[in-house]
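**Q** Provided herewith is a single structure, encoded as structure tokens, for subsequent inquiry.
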Amino acid sequence: MPSNVLGSCCYQGVKHEGQPRGRIENIGETEIYISEPTSSASNGYGILYLTDIIGHKFVNAQLLADQYAENGYVVVVPDLFHGDPVPFNSDMATFSIPTWMQGAYGAKKVPHTPPNVDPIVQAGLDTLRQKHNCKKIALVGYCFGAKYAVRFLGSGQVDVGFIGHPAMVEKKELEGVKRPLALAAAETDDIFPANMRHDFEETLRKLEGVPYQINLYSGVTHGFGVRCDPKVRAQRFAKESAFFQALQWFEEHLRDKVNSS
């Protein structure tokens, strides 16, 4: 397995300061956070942002979505959890990830598994393509969301992907990737340790004709791309660098290629 199952590090971190500028809407029964660029800044592309287990209402995720939008993208952040995200900085003594995964804490009792998450991802893609007329779509996935970014990079429906500190990605899912994939990894990560990172790299290396990039950031742990402490210089630098890594990757693989003579 290229990455481990979820742990307490997946819902702990630092809440960031700022006022999100996007809005909450609905796609059918699924709530989404959407952030759009100004008309002058729009590049015509969309990003489907698949969150960690804290979900689409977490201010850190919304601020990050806004940053992507400021760079020209229509960004849709769906509720992957049927109204049942993990509370930020939950008490490890009383909160059980396996119980949560089974849907036992949620009002709808919906397990947080591919049969229930895949349709939400699909609806997000359809919204970007049909409602917002995005000519190309990138996937962004952090932690839990990285698994579904990888799954849909094998579907042929998206153009490029970026993931940060992935969780629960299965080897067969990674082997199915058909589009360019970039990864931001933490130096210290129990969910995605060095041996799994090396396996991840080896699997990507064997994919014929699929560009990939793996960046390793020192001085940070799992979740740094979303939940780092911005007051700690090394953490802030890693988070910002991972964000620019994603932007540069998208710029390279979304723009129309011009053959040089």
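Naming works like this for the structure tokens: A, B, ... for the chains as they're shown, residue 1 at the start of each chain, ligands 1 onward in shown order.
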Do a neighbour search on segment 163-177 of chain A at 6 Å with only C-alpha atoms, toss out local chain neighbours closer than 3 positions, and write the hits as JSON, numbers by chain.

**A** {"A": [1, 2, 3, 4, 5, 140, 141, 142, 143, 144, 146, 147, 151, 153, 154, 183, 184, 185, 222]}

**Q** Each residue of segment 123-230 of chain A with at least one atom at most 9 Å from segment 75-91 of chain A should appear once, together with its nearest atom pair and the corresponding distance in Å (one decimal); atoms considered: only C-alpha atoms; ordering: chain, then increasing residue number; output as a Markdown table.

**A**
```
| residue | atom | partner | partner_atom | distance |
| --- | --- | --- | --- | --- |
| A:Ala123 | CA | A:Pro78 | CA | 8.9 |
| A:Gly124 | CA | A:Pro78 | CA | 6.8 |
| A:Leu125 | CA | A:Val76 | CA | 8.7 |
| A:Thr127 | CA | A:Val76 | CA | 8.5 |
| A:Leu128 | CA | A:Val76 | CA | 7.5 |
| A:Gly145 | CA | A:Leu80 | CA | 8.4 |
```

**Q** As a VMD selection string, which residues of segment 163-207 of chain A does DSSP assign to strand (DSSP E or B)?

**A** chain A and resid 163 to 164 181 to 188

**Q** Keeping only N, CA and C atoms, take the residues you just selected and write them out as an mmCIF file, in the first residue's frame.

**A**
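The result, written out as result_19.cif:
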```cif
data_model
loop_
_atom_site.group_PDB
_atom_site.id
_atom_site.type_symbol
_atom_site.label_atom_id
_atom_site.label_comp_id
_atom_site.auth_asym_id
_atom_site.auth_seq_id
_atom_site.Cartn_x
_atom_site.Cartn_y
_atom_site.Cartn_z
ATOM 1 N N ILE A 163 -1.117 16.316 -5.232
ATOM 2 C CA ILE A 163 -1.534 15.811 -3.928
ATOM 3 C C ILE A 163 -0.498 16.155 -2.867
ATOM 4 N N GLY A 164 -0.986 16.329 -1.644
ATOM 5 C CA GLY A 164 -0.107 16.600 -0.520
ATOM 6 C C GLY A 164 -0.317 15.589 0.579
ATOM 7 N N LEU A 181 1.071 13.776 -12.421
ATOM 8 C CA LEU A 181 0.812 13.824 -10.977
ATOM 9 C C LEU A 181 2.024 14.369 -10.239
ATOM 10 N N ALA A 182 1.800 15.372 -9.407
ATOM 11 C CA ALA A 182 2.839 15.922 -8.541
ATOM 12 C C ALA A 182 2.472 15.666 -7.088
ATOM 13 N N LEU A 183 3.485 15.483 -6.267
ATOM 14 C CA LEU A 183 3.298 15.142 -4.863
ATOM 15 C C LEU A 183 4.178 16.014 -3.982
ATOM 16 N N ALA A 184 3.608 16.525 -2.900
ATOM 17 C CA ALA A 184 4.354 17.220 -1.859
ATOM 18 C C ALA A 184 4.344 16.340 -0.617
ATOM 19 N N ALA A 185 5.524 15.931 -0.164
ATOM 20 C CA ALA A 185 5.642 14.997 0.950
ATOM 21 C C ALA A 185 6.374 15.636 2.124
ATOM 22 N N ALA A 186 6.022 15.198 3.324
ATOM 23 C CA ALA A 186 6.651 15.691 4.545
ATOM 24 C C ALA A 186 7.810 14.792 4.948
ATOM 25 N N GLU A 187 8.832 15.393 5.502
ATOM 26 C CA GLU A 187 9.990 14.632 5.974
ATOM 27 C C GLU A 187 9.579 13.615 7.039
ATOM 28 N N THR A 188 8.700 14.023 7.950
ATOM 29 C CA THR A 188 8.237 13.155 9.034
ATOM 30 C C THR A 188 6.747 12.919 8.864
#
```

**Q** Once DSSP has gone over the backbone, tell me which residues of segment 9-238 of chain A are in alpha helix (DSSP H), as JSON, numbers by chain.

**A** {"A": [59, 60, 61, 62, 63, 64, 65, 66, 67, 68, 69, 70, 97, 98, 99, 100, 101, 114, 115, 116, 117, 118, 119, 120, 121, 122, 123, 124, 125, 126, 144, 145, 146, 147, 148, 149, 150, 151, 152, 171, 172, 173, 174, 175, 194, 195, 196, 197, 198, 199, 200, 201, 202, 203, 204, 205, 224, 225, 226, 227, 233, 234, 235, 236, 237, 238]}

**Q** Can I get the residues of segment 131-248 of chain A within 10 Å of segment 62-72 of chain A, each with the closest pair of atoms and their distance in Å to one decimal, using only C-alpha atoms, sorted chain first then ascending number, as a Markdown table?

**A**
```
| residue | atom | partner | partner_atom | distance |
| --- | --- | --- | --- | --- |
| A:Val140 | CA | A:Ala65 | CA | 9.8 |
| A:Gly225 | CA | A:Leu64 | CA | 9.3 |
| A:Val226 | CA | A:Leu64 | CA | 7.6 |
| A:Phe243 | CA | A:Tyr68 | CA | 8.6 |
| A:Phe244 | CA | A:Tyr68 | CA | 9.8 |
| A:Ala246 | CA | A:Tyr68 | CA | 9.4 |
| A:Leu247 | CA | A:Tyr68 | CA | 7.9 |
```

**Q** Hey, can you spit out that residue selection with N, CA and C atoms as a short mmCIF file (atom, residue, chain, number, x, y, z; two decimals), in the first residue's frame?

**A**
```
data_model
loop_
_atom_site.label_atom_id
_atom_site.label_comp_id
_atom_site.auth_asym_id
_atom_site.auth_seq_id
_atom_site.Cartn_x
_atom_site.Cartn_y
_atom_site.Cartn_z
N VAL A 140 -6.80 18.65 -6.95
CA VAL A 140 -5.94 18.88 -5.80
C VAL A 140 -6.47 18.02 -4.66
N GLY A 225 0.70 20.98 4.33
CA GLY A 225 0.18 21.75 3.20
C GLY A 225 -1.08 22.52 3.51
N VAL A 226 -1.77 22.15 4.60
CA VAL A 226 -3.02 22.79 4.98
C VAL A 226 -3.00 23.31 6.41
N PHE A 243 2.43 24.97 -2.35
CA PHE A 243 1.39 25.65 -3.12
C PHE A 243 1.94 26.09 -4.48
N PHE A 244 3.11 26.70 -4.49
CA PHE A 244 3.70 27.14 -5.76
C PHE A 244 4.11 25.95 -6.62
N ALA A 246 2.34 23.26 -6.87
CA ALA A 246 1.09 22.91 -7.54
C ALA A 246 0.80 23.86 -8.70
N LEU A 247 0.96 25.16 -8.47
CA LEU A 247 0.67 26.13 -9.52
C LEU A 247 1.57 25.93 -10.72
#
```

**Q** Would you mind reading off the distance between atom CA of Pro180 of chain A and atom CA of His56 of chain A, one decimal, in Å?

**A**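 Answer for the atom CA of Pro180 of chain A to atom CA of His56 of chain A separation: 24.9 Å.
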